[in-house]
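Data block for entry19.tsv (TSV, C-alpha atoms and all ligand atoms):
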```
chain	number	residue	atom	x	y	z
A	1	MET	CA	-3.64	9.22	-25.39
A	2	ILE	CA	-5.69	12.25	-26.39
A	3	THR	CA	-7.07	13.93	-23.31
A	4	GLN	CA	-10.52	15.50	-23.66
A	5	ILE	CA	-10.60	18.95	-22.06
A	6	ASP	CA	-13.61	21.16	-21.38
A	7	LYS	CA	-14.10	24.31	-19.39
A	8	ILE	CA	-17.21	24.01	-17.20
A	9	ASP	CA	-18.78	26.87	-15.25
A	10	GLN	CA	-19.58	25.65	-11.72
A	11	TYR	CA	-22.44	28.16	-11.45
A	12	SER	CA	-24.09	27.05	-14.71
A	13	ILE	CA	-23.08	23.45	-15.35
A	14	ASP	CA	-23.47	22.07	-18.88
A	15	VAL	CA	-24.83	18.67	-17.83
A	16	LYS	CA	-24.48	17.16	-21.34
A	17	ILE	CA	-20.75	17.80	-21.31
A	18	LEU	CA	-20.33	16.70	-17.70
A	19	GLN	CA	-22.18	13.45	-18.55
A	20	GLN	CA	-19.39	12.63	-21.04
A	21	TYR	CA	-16.88	12.71	-18.18
A	22	ALA	CA	-19.20	10.68	-15.93
A	23	ASP	CA	-19.34	8.05	-18.71
A	24	MET	CA	-15.54	7.95	-18.87
A	25	LEU	CA	-15.54	7.15	-15.15
A	26	THR	CA	-18.19	4.41	-15.39
A	27	ASN	CA	-16.21	2.92	-18.30
A	28	GLY	CA	-13.14	2.53	-16.11
A	29	ASN	CA	-11.20	5.59	-17.31
A	30	LEU	CA	-9.55	8.46	-15.43
A	31	VAL	CA	-10.90	12.04	-15.20
A	32	ALA	CA	-9.30	14.98	-13.38
A	33	PHE	CA	-11.83	17.40	-11.92
A	34	PRO	CA	-11.99	20.43	-9.62
A	35	THR	CA	-13.07	20.20	-5.99
A	36	GLU	CA	-13.31	22.94	-3.35
A	37	THR	CA	-9.93	21.79	-1.92
A	38	VAL	CA	-7.63	20.79	-4.80
A	39	TYR	CA	-8.13	19.07	-8.18
A	40	GLY	CA	-8.71	15.32	-7.91
A	41	LEU	CA	-7.84	12.47	-10.29
A	42	GLY	CA	-10.95	10.30	-10.34
A	43	ALA	CA	-11.69	6.64	-11.06
A	44	SER	CA	-14.53	4.28	-10.18
A	45	ALA	CA	-14.00	3.21	-6.57
A	46	LEU	CA	-15.51	-0.19	-7.33
A	47	ASN	CA	-13.31	-1.04	-10.33
A	48	PRO	CA	-9.83	-2.27	-9.27
A	49	ASN	CA	-8.44	-1.99	-12.81
A	50	ALA	CA	-9.46	1.66	-13.03
A	51	VAL	CA	-8.00	2.34	-9.58
A	52	ALA	CA	-4.74	0.66	-10.63
A	53	LYS	CA	-4.43	3.25	-13.45
A	54	ILE	CA	-4.37	6.03	-10.85
A	55	PHE	CA	-1.38	4.50	-9.05
A	56	GLU	CA	0.38	4.00	-12.39
A	57	VAL	CA	-0.25	7.50	-13.80
A	58	LYS	CA	0.65	9.32	-10.58
A	59	ASN	CA	3.52	6.95	-9.76
A	60	ARG	CA	1.91	6.66	-6.32
A	61	PRO	CA	3.20	4.12	-3.77
A	62	SER	CA	0.70	1.25	-3.57
A	63	ASN	CA	0.65	1.38	0.25
A	64	ASN	CA	-0.94	4.87	0.24
A	65	PRO	CA	-4.75	4.41	0.26
A	66	LEU	CA	-7.23	6.63	-1.60
A	67	ILE	CA	-10.23	8.73	-0.56
A	68	ALA	CA	-13.60	7.60	-1.97
A	69	HIS	CA	-15.84	10.54	-2.89
A	70	ILE	CA	-19.64	10.38	-2.68
A	71	SER	CA	-22.35	12.79	-3.85
A	72	ASP	CA	-24.73	12.15	-0.94
A	73	ILE	CA	-25.07	10.20	2.30
A	74	ASP	CA	-27.00	7.37	0.57
A	75	MET	CA	-23.86	6.39	-1.32
A	76	LEU	CA	-22.08	5.86	1.98
A	77	LYS	CA	-23.81	2.48	2.45
A	78	ILE	CA	-21.97	1.09	-0.55
A	79	LEU	CA	-18.63	1.82	1.12
A	80	VAL	CA	-19.08	1.66	4.87
A	81	LYS	CA	-19.86	-1.31	7.11
A	82	GLY	CA	-22.32	-1.13	9.98
A	83	SER	CA	-24.50	1.70	11.17
A	84	VAL	CA	-23.34	5.16	10.23
A	85	LEU	CA	-25.80	6.83	12.62
A	86	ASP	CA	-23.01	7.41	15.15
A	87	PHE	CA	-21.35	9.74	12.66
A	88	LYS	CA	-24.48	11.58	11.54
A	89	ARG	CA	-23.54	14.63	13.61
A	90	LEU	CA	-20.29	14.91	11.64
A	91	PHE	CA	-22.07	14.54	8.30
A	92	ASP	CA	-24.69	17.12	9.27
A	93	ALA	CA	-22.09	19.63	10.44
A	94	PHE	CA	-19.46	19.28	7.74
A	95	TRP	CA	-20.79	17.55	4.60
A	96	PRO	CA	-20.77	18.37	1.82
A	97	GLY	CA	-17.34	19.86	2.43
A	98	ALA	CA	-13.62	19.54	3.04
A	99	LEU	CA	-13.78	16.70	5.57
A	100	THR	CA	-12.62	13.12	4.99
A	101	ILE	CA	-13.71	10.50	7.54
A	102	VAL	CA	-11.97	7.15	7.96
A	103	LEU	CA	-14.57	4.42	8.60
A	104	PRO	CA	-14.81	0.57	8.55
A	105	LYS	CA	-15.02	-0.63	4.94
A	106	GLN	CA	-17.50	-2.89	3.16
A	107	ASP	CA	-16.12	-6.02	1.47
A	108	VAL	CA	-17.11	-4.64	-1.94
A	109	VAL	CA	-14.44	-1.90	-1.69
A	110	PRO	CA	-11.41	-3.26	-3.56
A	111	ASP	CA	-8.23	-3.80	-1.51
A	112	ILE	CA	-6.27	-1.56	-3.88
A	113	VAL	CA	-8.38	1.43	-2.72
A	114	THR	CA	-7.56	0.94	0.95
A	115	ALA	CA	-4.02	-0.45	0.53
A	116	ASN	CA	-5.35	-3.73	2.00
A	117	GLY	CA	-6.57	-1.97	5.15
A	118	SER	CA	-9.92	-2.57	6.87
A	119	THR	CA	-10.95	1.12	6.73
A	120	VAL	CA	-11.96	3.41	3.89
A	121	ALA	CA	-11.57	7.20	3.81
A	122	VAL	CA	-14.76	8.94	2.56
A	123	ARG	CA	-15.52	12.52	1.55
A	124	CYS	CA	-18.60	14.21	0.11
A	125	PRO	CA	-17.27	17.26	-1.79
A	126	SER	CA	-19.25	20.50	-1.96
A	127	HIS	CA	-17.88	21.73	-5.28
A	128	PRO	CA	-20.85	21.68	-7.69
A	129	ILE	CA	-18.84	20.12	-10.55
A	130	ALA	CA	-17.34	17.38	-8.34
A	131	ASN	CA	-20.64	16.63	-6.69
A	132	GLU	CA	-22.62	16.51	-9.93
A	133	LEU	CA	-19.95	14.42	-11.70
A	134	ILE	CA	-20.18	11.76	-8.98
A	135	ARG	CA	-23.99	11.90	-9.01
A	136	LEU	CA	-24.11	11.48	-12.81
A	137	SER	CA	-21.67	8.53	-12.71
A	138	GLY	CA	-23.81	6.87	-10.01
A	139	ILE	CA	-20.80	5.33	-8.23
A	140	PRO	CA	-18.32	6.41	-5.53
A	141	ILE	CA	-15.23	7.94	-7.12
A	142	VAL	CA	-11.76	7.57	-5.66
A	143	ALA	CA	-9.68	10.69	-6.18
A	144	PRO	CA	-6.23	11.52	-4.93
A	145	SER	CA	-4.92	14.99	-5.70
A	146	ALA	CA	-4.38	15.30	-9.48
A	147	ASN	CA	-0.59	15.76	-9.35
A	148	LEU	CA	2.30	13.41	-10.05
A	149	SER	CA	3.34	11.94	-6.68
A	150	GLY	CA	5.63	14.28	-4.73
A	151	ARG	CA	4.63	17.49	-6.56
A	152	PRO	CA	2.45	20.17	-4.93
A	153	SER	CA	-1.29	19.44	-5.35
A	154	PRO	CA	-2.82	21.29	-8.32
A	155	THR	CA	-5.24	24.11	-7.52
A	156	CYS	CA	-5.89	25.29	-11.09
A	157	PHE	CA	-6.43	23.70	-14.51
A	158	GLU	CA	-2.97	24.69	-15.85
A	159	HIS	CA	-1.19	22.74	-13.11
A	160	VAL	CA	-3.28	19.61	-13.72
A	161	TYR	CA	-2.54	19.93	-17.44
A	162	GLU	CA	1.22	20.14	-16.76
A	163	ASP	CA	1.19	16.85	-14.84
A	164	LEU	CA	-1.52	14.80	-16.56
A	165	ASN	CA	-2.18	15.89	-20.16
A	166	SER	CA	-2.05	12.86	-22.53
A	167	LYS	CA	-1.98	10.49	-19.52
A	168	VAL	CA	-5.70	10.52	-18.62
A	169	SER	CA	-8.99	10.43	-20.56
A	170	GLY	CA	-10.32	13.78	-19.43
A	171	ILE	CA	-9.53	16.98	-17.57
A	172	ILE	CA	-12.31	19.35	-16.50
A	173	ASP	CA	-11.23	22.98	-16.25
A	174	GLY	CA	-13.24	24.47	-13.40
A	175	GLY	CA	-10.99	27.41	-12.56
A	176	HIS	CA	-9.11	27.98	-9.31
A	177	CYS	CA	-9.96	25.87	-6.22
A	178	GLU	CA	-11.30	27.94	-3.32
A	179	ILE	CA	-9.52	26.32	-0.37
A	180	GLY	CA	-6.28	25.30	-2.02
A	181	ILE	CA	-5.08	22.65	0.47
A	182	GLU	CA	-6.45	19.13	0.77
A	183	SER	CA	-9.31	18.08	3.05
A	184	THR	CA	-9.03	17.49	6.79
A	185	VAL	CA	-8.70	13.72	7.38
A	186	ILE	CA	-10.08	12.39	10.68
A	187	VAL	CA	-10.74	9.08	12.33
A	188	PRO	CA	-13.61	9.08	14.85
A	189	VAL	CA	-12.65	7.64	18.25
A	190	GLY	CA	-15.95	6.66	19.85
A	191	SER	CA	-18.82	9.06	19.31
A	192	ASN	CA	-17.41	12.29	20.78
A	193	ILE	CA	-13.73	12.31	19.92
A	194	VAL	CA	-12.09	12.88	16.56
A	195	LYS	CA	-8.43	12.34	15.76
A	196	ILE	CA	-7.00	14.61	13.06
A	197	LEU	CA	-4.63	12.73	10.77
A	198	ARG	CA	-4.28	15.58	8.24
A	199	PRO	CA	-5.37	19.16	9.06
A	200	GLY	CA	-7.32	21.25	6.55
A	201	ALA	CA	-10.13	23.78	6.25
A	202	ILE	CA	-12.30	21.96	8.79
A	203	THR	CA	-10.31	23.06	11.83
A	204	PRO	CA	-9.92	21.64	15.38
A	205	GLU	CA	-11.86	24.68	16.63
A	206	MET	CA	-14.79	23.79	14.34
A	207	PHE	CA	-15.01	20.25	15.75
A	208	GLU	CA	-14.87	21.67	19.28
A	209	LEU	CA	-17.71	24.08	18.51
A	210	ASN	CA	-19.74	21.02	17.52
A	211	GLY	CA	-19.08	19.29	20.85
A	212	TYR	CA	-16.14	17.06	19.89
A	213	LYS	CA	-12.91	16.56	21.76
A	214	VAL	CA	-10.02	16.78	19.30
A	215	ILE	CA	-6.77	14.84	19.22
A	216	VAL	CA	-4.19	16.08	16.74
A	217	ASP	CA	-2.02	13.16	15.63
A	218	GLU	CA	1.60	13.72	16.65
A	219	HIS	CA	2.76	13.40	13.03
A	220	VAL	CA	0.76	16.44	11.91
A	221	LEU	CA	3.58	18.69	13.12
A	222	ALA	CA	6.46	16.25	13.50
A	223	PRO	CA	8.30	13.99	11.08
A	224	VAL	CA	7.78	10.25	11.22
A	225	SER	CA	10.83	8.54	12.62
A	226	ASP	CA	12.06	5.39	10.90
A	227	ASN	CA	9.83	2.33	11.31
A	228	SER	CA	7.33	3.99	13.65
A	229	PRO	CA	3.73	3.02	12.84
A	230	VAL	CA	1.39	5.71	11.42
A	231	GLU	CA	-2.39	5.85	11.19
A	232	SER	CA	-2.42	7.55	7.80
A	233	PRO	CA	0.15	6.31	5.30
A	234	GLY	CA	0.18	9.75	3.60
A	235	MET	CA	2.25	10.98	6.56
A	236	LEU	CA	5.15	8.79	5.49
A	237	PHE	CA	5.77	10.27	2.10
A	238	LYS	CA	7.69	13.33	1.01
A	239	HIS	CA	4.90	15.65	0.00
A	240	TYR	CA	4.12	18.99	-1.52
A	241	ALA	CA	7.71	19.53	-2.46
A	242	PRO	CA	8.77	22.38	-4.70
A	243	GLN	CA	11.92	21.72	-6.74
A	244	ALA	CA	13.97	24.16	-4.65
A	245	SER	CA	14.92	23.51	-1.02
A	246	MET	CA	12.86	25.42	1.47
A	247	GLN	CA	13.51	26.83	4.93
A	248	LEU	CA	10.88	28.12	7.36
A	249	VAL	CA	11.92	31.02	9.57
A	250	ARG	CA	10.36	31.75	12.96
A	251	GLY	CA	10.81	35.16	14.61
A	252	ASN	CA	9.55	38.73	14.78
A	253	ASP	CA	9.10	40.80	11.60
A	254	THR	CA	12.41	42.64	11.80
A	255	ASP	CA	14.53	39.59	12.64
A	256	VAL	CA	12.95	37.46	9.93
A	257	ILE	CA	13.53	40.06	7.21
A	258	LYS	CA	17.10	40.70	8.37
A	259	TYR	CA	17.93	36.97	8.47
A	260	ILE	CA	16.43	36.22	5.05
A	261	ASN	CA	18.11	39.19	3.36
A	262	ALA	CA	21.48	38.19	4.85
A	263	GLU	CA	20.99	34.64	3.52
A	264	ILE	CA	20.08	36.01	0.08
A	265	SER	CA	23.21	38.15	-0.16
A	266	SER	CA	25.63	35.49	1.11
A	267	SER	CA	24.21	32.56	-0.85
A	268	ASN	CA	25.80	31.32	-4.04
A	269	VAL	CA	22.49	29.97	-5.39
A	270	LYS	CA	19.41	31.94	-6.46
A	271	CYS	CA	17.09	32.49	-3.49
A	272	GLY	CA	13.37	33.22	-3.46
A	273	VAL	CA	11.01	34.39	-0.74
A	274	LEU	CA	7.41	33.40	-0.10
A	275	CYS	CA	5.93	36.18	2.01
A	276	PHE	CA	2.72	37.85	3.14
A	277	ASP	CA	0.91	40.59	1.21
A	278	GLY	CA	2.60	43.97	1.40
A	279	GLU	CA	6.04	42.56	2.36
A	280	LYS	CA	7.57	42.23	-1.09
A	281	ASP	CA	9.65	45.39	-0.98
A	282	ALA	CA	11.32	44.38	2.28
A	283	TYR	CA	13.27	41.59	0.56
A	284	THR	CA	16.30	41.97	-1.68
A	285	SER	CA	15.60	38.94	-3.90
A	286	GLU	CA	14.14	39.40	-7.38
A	287	TYR	CA	12.01	36.28	-6.78
A	288	VAL	CA	9.51	37.26	-4.13
A	289	ILE	CA	5.92	35.92	-4.14
A	290	GLU	CA	3.28	37.39	-1.84
A	291	TYR	CA	0.73	34.66	-1.17
A	292	GLY	CA	-1.89	36.24	1.07
A	293	ASN	CA	-2.80	37.87	4.36
A	294	PRO	CA	-2.21	35.97	7.64
A	295	ASN	CA	-5.28	37.65	9.16
A	296	ASP	CA	-7.37	36.01	6.43
A	297	PRO	CA	-5.67	32.58	6.21
A	298	ILE	CA	-7.92	31.27	3.40
A	299	THR	CA	-6.00	33.65	1.11
A	300	LEU	CA	-2.79	31.85	2.12
A	301	SER	CA	-4.17	28.32	1.71
A	302	LYS	CA	-5.69	29.23	-1.64
A	303	ASN	CA	-2.36	30.42	-3.07
A	304	LEU	CA	0.20	28.23	-1.29
A	305	PHE	CA	0.56	25.36	-3.78
A	306	TYR	CA	0.08	27.74	-6.70
A	307	ALA	CA	3.02	29.82	-5.44
A	308	LEU	CA	5.23	26.76	-4.90
A	309	ARG	CA	4.63	25.69	-8.49
A	310	CYS	CA	5.49	29.23	-9.66
A	311	PHE	CA	8.91	28.87	-8.00
A	312	ASP	CA	9.38	25.62	-9.93
A	313	LYS	CA	9.27	27.67	-13.14
A	314	THR	CA	12.18	29.88	-12.00
A	315	SER	CA	15.86	29.07	-11.42
A	316	VAL	CA	15.43	29.57	-7.67
A	317	LYS	CA	17.23	26.82	-5.70
A	318	GLN	CA	16.41	27.97	-2.15
A	319	ILE	CA	13.11	29.38	-0.86
A	320	TYR	CA	12.65	31.16	2.48
A	321	THR	CA	9.32	31.72	4.14
A	322	ARG	CA	8.20	32.57	7.63
A	323	VAL	CA	6.17	30.21	9.77
A	324	ILE	CA	2.52	30.93	10.40
A	325	GLU	CA	0.62	30.37	13.63
A	326	PRO	CA	-0.70	26.78	13.71
A	327	LYS	CA	-4.22	27.81	14.78
A	328	GLY	CA	-7.45	27.33	12.82
A	329	LEU	CA	-6.73	26.96	9.11
A	330	GLY	CA	-3.16	27.99	9.99
A	331	LEU	CA	-2.58	24.44	11.32
A	332	GLY	CA	-3.23	23.00	7.84
A	333	ILE	CA	-1.07	25.61	6.13
A	334	TYR	CA	1.78	25.08	8.58
A	335	ASN	CA	1.52	21.30	8.12
A	336	ARG	CA	1.95	21.71	4.33
A	337	LEU	CA	4.81	24.22	4.74
A	338	LEU	CA	6.63	21.84	7.08
A	339	ARG	CA	6.41	19.04	4.57
A	340	ALA	CA	7.40	21.27	1.64
A	341	ALA	CA	10.45	22.27	3.68
A	342	SER	CA	11.17	18.70	4.86
A	343	PHE	CA	10.79	20.05	8.44
A	344	ASN	CA	13.68	22.53	8.02
A	345	VAL	CA	12.70	25.29	10.48
A	346	ILE	CA	15.00	27.89	12.04
A	347	ALA	CA	13.95	29.83	15.15
A	348	LEU	CA	15.68	33.21	15.48
B	1	LIG	O1	-9.04	17.32	-0.51
B	1	LIG	C1	-8.75	16.13	-0.72
B	1	LIG	O2	-8.82	15.25	0.16
B	1	LIG	C2	-8.29	15.77	-2.14
B	1	LIG	C3	-9.45	15.99	-3.08
B	1	LIG	C4	-9.17	15.53	-4.48
B	1	LIG	O3	-10.62	15.41	-2.57
B	1	LIG	N1	-7.79	14.42	-2.17
B	1	LIG	C5	-6.61	14.06	-1.60
B	1	LIG	O4	-6.25	12.75	-1.77
B	1	LIG	O5	-5.91	14.84	-0.99
B	1	LIG	P1	-4.79	12.19	-1.51
B	1	LIG	O6	-4.79	10.82	-2.02
B	1	LIG	O7	-3.79	13.12	-2.10
B	1	LIG	O8	-4.67	12.14	0.05
B	1	LIG	C6	-5.38	11.16	0.78
B	1	LIG	C7	-4.85	11.09	2.20
B	1	LIG	C8	-3.50	10.43	2.27
B	1	LIG	O9	-2.72	11.09	3.24
B	1	LIG	C9	-3.85	9.01	2.72
B	1	LIG	O10	-2.79	8.37	3.38
B	1	LIG	C10	-5.05	9.25	3.61
B	1	LIG	O11	-5.76	10.31	2.99
B	1	LIG	N2	-5.91	8.07	3.69
B	1	LIG	C11	-6.63	7.49	2.70
B	1	LIG	N3	-7.28	6.41	3.14
B	1	LIG	C12	-6.98	6.27	4.44
B	1	LIG	C13	-7.34	5.34	5.46
B	1	LIG	N4	-8.15	4.31	5.21
B	1	LIG	N5	-6.84	5.54	6.70
B	1	LIG	C14	-6.03	6.58	6.98
B	1	LIG	N6	-5.63	7.49	6.05
B	1	LIG	C15	-6.10	7.34	4.79
B	2	MG	MG	-2.01	14.11	-2.62
```
Take the structure from the file and write it as structure tokens.
Ligand code: TXA
Ligand code: MG
Amino acid sequence: MITQIDKIDQYSIDVKILQQYADMLTNGNLVAFPTETVYGLGASALNPNAVAKIFEVKNRPSNNPLIAHISDIDMLKILVKGSVLDFKRLFDAFWPGALTIVLPKQDVVPDIVTANGSTVAVRCPSHPIANELIRLSGIPIVAPSANLSGRPSPTCFEHVYEDLNSKVSGIIDGGHCEIGIESTVIVPVGSNIVKILRPGAITPEMFELNGYKVIVDEHVLAPVSDNSPVESPGMLFKHYAPQASMQLVRGNDTDVIKYINAEISSSNVKCGVLCFDGEKDAYTSEYVIEYGNPNDPITLSKNLFYALRCFDKTSVKQIYTRVIEPKGLGLGIYNRLLRAASFNVIAL
């Protein structure tokens, strides 16, 4: 398949070109596009054959449901059963943006979207290209992250191209995603409590500021034990994995550096380090990537998956990185690090 590729400027969108991609979607084809979180692989949410192509191309397990993306609240009625007034406070506070809300589904939503479940996950993205693409297509668009299943989510055009060129009808190059980790997924529990199933840029503290009580699902920071039921099937799968093994190290600056350097010199495989800005020279490996400043965690989330994919291009077999405080956006970053490391954490 020849994949159509265009670069589109989010600040000055060429609507004629974007319409071509919207037409691909309405015709049942797949288009990868940028969002403010990560790139998504889109298909019409109302066309089961189109949705089936997503599972095939990504090699995604069929029991992992998809997020349906809308361009405005009006589109919600197509997807969600009953009154949505109860959730208006959430929409007003966080949409458009990096929040996915799990709600009761309408019958018209195909079972393949929800993995036969009775709920549908919905998000209204704020990225101008994503939002306008959905608006031009006129239908809700399901979009998982635009990576092959198990690989880190793509946060730039080049990484989408690596995974999906010649497998999908179109890829829109919209530059680097701002947030860099996927949306926060919540399920409302009554009208004043939200349960976080996947942490992201909309943080527990932000819900609390808006008057919500927050429950963080136990599997956000802990592995799922065999056969235990989960509320979000995404928790079950090995995720965000770089090709090398990864270990997270918890401790003070000096101990962490000492431990990692000792591991590097005694190991018989090539080791890499993922560290904070300004720390590169402290490590003795030739493969050290600085990914941001912990006092400005958006710099870390923005570069995390990008950095993991950079390690995939080296011969590094073991990556070390230190843990970050699971507060605010740090909770989402730590959740992704834990999964990338298959929960391998050492406390010094
Ligand atoms: O930021 C994002 O959310 C990106 C961009 C493209 O919008 N999309 C994304 O999709 O991360 P995906 O498919 O990679 O992750 C969707 C997550 C999975 O963990 C899935 O299990 C969960 O949302 N999910 C989907 N529908 C659900 C439902 N009805 N109930 C509970 N969890 C659901
Ligand atoms: Mg994904």
Neighbours of ligand MG 2 (chain B) within 8 Å, counting all atoms listed in the file, as a PyMOL selection string?
chain A and resi 144-147+149-150+152-153+182+234+239-240
Between A:Glu56, A:Glu231, A:Asp9, A:Asp23, which is the closest to ligand LIG 1 (chain B) once you count all atoms listed in the file?
A:Glu231
Once you count all atoms listed in the file, which residues end up within 6 Å of ligand LIG 1 (chain B), and could you hand them over as JSON, numbers by chain?
{"A": [37, 38, 39, 40, 64, 65, 66, 67, 102, 114, 119, 120, 121, 143, 144, 145, 182, 183, 231, 232, 233, 234, 235]}
Give me a file of those residues, with C-alpha atoms, as a compact mmCIF listing (two decimals), in the coordinates of the input.
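The resulting again-v5.txt:
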```txt
# COMPACT_ATOMS: atom_id res chain seq x y z
CA THR A 37 -9.93 21.79 -1.92
CA VAL A 38 -7.63 20.79 -4.80
CA TYR A 39 -8.13 19.07 -8.18
CA GLY A 40 -8.71 15.32 -7.91
CA ASN A 64 -0.94 4.87 0.24
CA PRO A 65 -4.75 4.41 0.26
CA LEU A 66 -7.23 6.63 -1.60
CA ILE A 67 -10.23 8.73 -0.56
CA VAL A 102 -11.97 7.15 7.96
CA THR A 114 -7.56 0.94 0.95
CA THR A 119 -10.95 1.12 6.73
CA VAL A 120 -11.96 3.41 3.89
CA ALA A 121 -11.57 7.20 3.81
CA ALA A 143 -9.68 10.69 -6.18
CA PRO A 144 -6.23 11.52 -4.93
CA SER A 145 -4.92 14.99 -5.70
CA GLU A 182 -6.45 19.13 0.77
CA SER A 183 -9.31 18.08 3.05
CA GLU A 231 -2.39 5.85 11.19
CA SER A 232 -2.42 7.55 7.80
CA PRO A 233 0.15 6.31 5.30
CA GLY A 234 0.18 9.75 3.60
CA MET A 235 2.25 10.98 6.56
```
Compile the contact shell of A:Ser12 as a list in words: residues with an atom at most 10 Å away, counting all atoms listed in the file, same-chain residues fewer than 4 positions apart removed.
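The residues that qualify are Ile8, Pro128 and Ile129 of chain A.
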Residues near stretch 88-100 of chain A, anyone? I mean within 7 Å using all atoms listed in the file, not counting same-chain ones fewer than 6 positions away, as a PyMOL selection string.
chain A and resi 37+121-126+183-186+201-202
Which neighbours of A:Thr314 fall inside 12 Å, counting all atoms listed in the file, when residues of the same chain fewer than 3 positions from it are skipped, and could you give them as a list in words?
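These residues fall inside the cut-off: Pro242, Gln243, Ala244, Lys270, Cys271, Gly272, Glu286, Tyr287, Val288, Ile289, Ala307, Leu308, Arg309, Cys310, Phe311, Lys317, Gln318 and Ile319 of chain A.
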Need to verify the contact set: stretch 48-50 of chain A, 12 Å, all atoms listed in the file, exclusion of same-chain residues closer than 3 positions in sequence. Can you return it as a PyMOL selection string?
chain A and resi 24-31+41-45+53-57+108-115+141-143+168-169
Give me the residues within 9 Å of A:Pro297 as a VMD selection string, counting all atoms listed in the file and dropping any in the same chain fewer than 2 places off.
chain A and resid 292 to 295 299 to 302 328 to 330 333
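Going from atom CA of A:Ile181 to atom CA of A:Leu221 covers 15.8 Å.
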Hey, can you check how far atom CA of A:Asn116 sits from atom CA of A:Asn131?
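For atom CA of A:Asn116 relative to atom CA of A:Asn131, the distance reads 26.9 Å.
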Taking only C-alpha atoms into account, name the residue in A:Ile73, A:Ile264, A:Ala32, A:Leu46 that is nearest to A:Leu164.
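Closest to A:Leu164, using only C-alpha atoms: A:Ala32.
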Provide the atom CA of A:Pro223 to atom CA of A:Pro61 distance in Å, to one decimal place.
18.5 Å
I need the residue nearest A:Ala340 from this list: A:Ser137, A:Glu279, A:Ile260, A:Met246. Use only C-alpha atoms for the distance.
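Answer, going by the shortest atom-to-atom distance: A:Met246.
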Give the answer as one residue: which of A:Leu136, A:Leu348, A:Ala52, A:Ile2 has the shortest atom-to-atom distance to A:Arg250, using all atoms listed in the file?
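Among the listed residues, A:Leu348 lies closest to A:Arg250.
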Copy stretch 195-234 of chain A out of the block into a file, keeping C-alpha atoms, as a tab-separated table (two decimals), in the first residue's frame.
```tsv
chain	number	residue	atom	x	y	z
A	195	LYS	CA	-11.35	6.68	39.40
A	196	ILE	CA	-8.08	6.96	37.48
A	197	LEU	CA	-7.43	3.89	35.36
A	198	ARG	CA	-4.42	5.38	33.51
A	199	PRO	CA	-2.64	8.52	34.77
A	200	GLY	CA	-1.62	11.30	32.38
A	201	ALA	CA	-1.37	15.07	32.03
A	202	ILE	CA	-4.72	15.64	33.75
A	203	THR	CA	-3.48	14.89	37.25
A	204	PRO	CA	-5.22	13.77	40.49
A	205	GLU	CA	-4.47	17.23	41.90
A	206	MET	CA	-6.33	18.85	38.98
A	207	PHE	CA	-9.47	16.80	39.64
A	208	GLU	CA	-9.25	17.68	43.34
A	209	LEU	CA	-8.99	21.39	42.52
A	210	ASN	CA	-12.26	20.96	40.62
A	211	GLY	CA	-14.01	19.43	43.63
A	212	TYR	CA	-13.62	15.72	42.84
A	213	LYS	CA	-12.51	12.97	45.15
A	214	VAL	CA	-9.94	10.82	43.35
A	215	ILE	CA	-9.38	7.09	43.51
A	216	VAL	CA	-6.22	5.84	41.83
A	217	ASP	CA	-6.78	2.28	40.62
A	218	GLU	CA	-4.41	-0.12	42.38
A	219	HIS	CA	-2.99	-1.31	39.04
A	220	VAL	CA	-1.66	2.15	38.15
A	221	LEU	CA	1.43	1.44	40.26
A	222	ALA	CA	1.27	-2.32	40.71
A	223	PRO	CA	1.35	-5.23	38.29
A	224	VAL	CA	-1.79	-7.22	37.63
A	225	SER	CA	-1.57	-10.63	39.23
A	226	ASP	CA	-2.71	-13.63	37.21
A	227	ASN	CA	-6.47	-13.86	36.62
A	228	SER	CA	-7.38	-10.82	38.73
A	229	PRO	CA	-10.10	-8.69	37.10
A	230	VAL	CA	-9.15	-5.21	35.80
A	231	GLU	CA	-11.30	-2.22	34.90
A	232	SER	CA	-9.16	-1.19	31.95
A	233	PRO	CA	-7.86	-4.02	29.77
A	234	GLY	CA	-4.83	-1.89	28.78
```
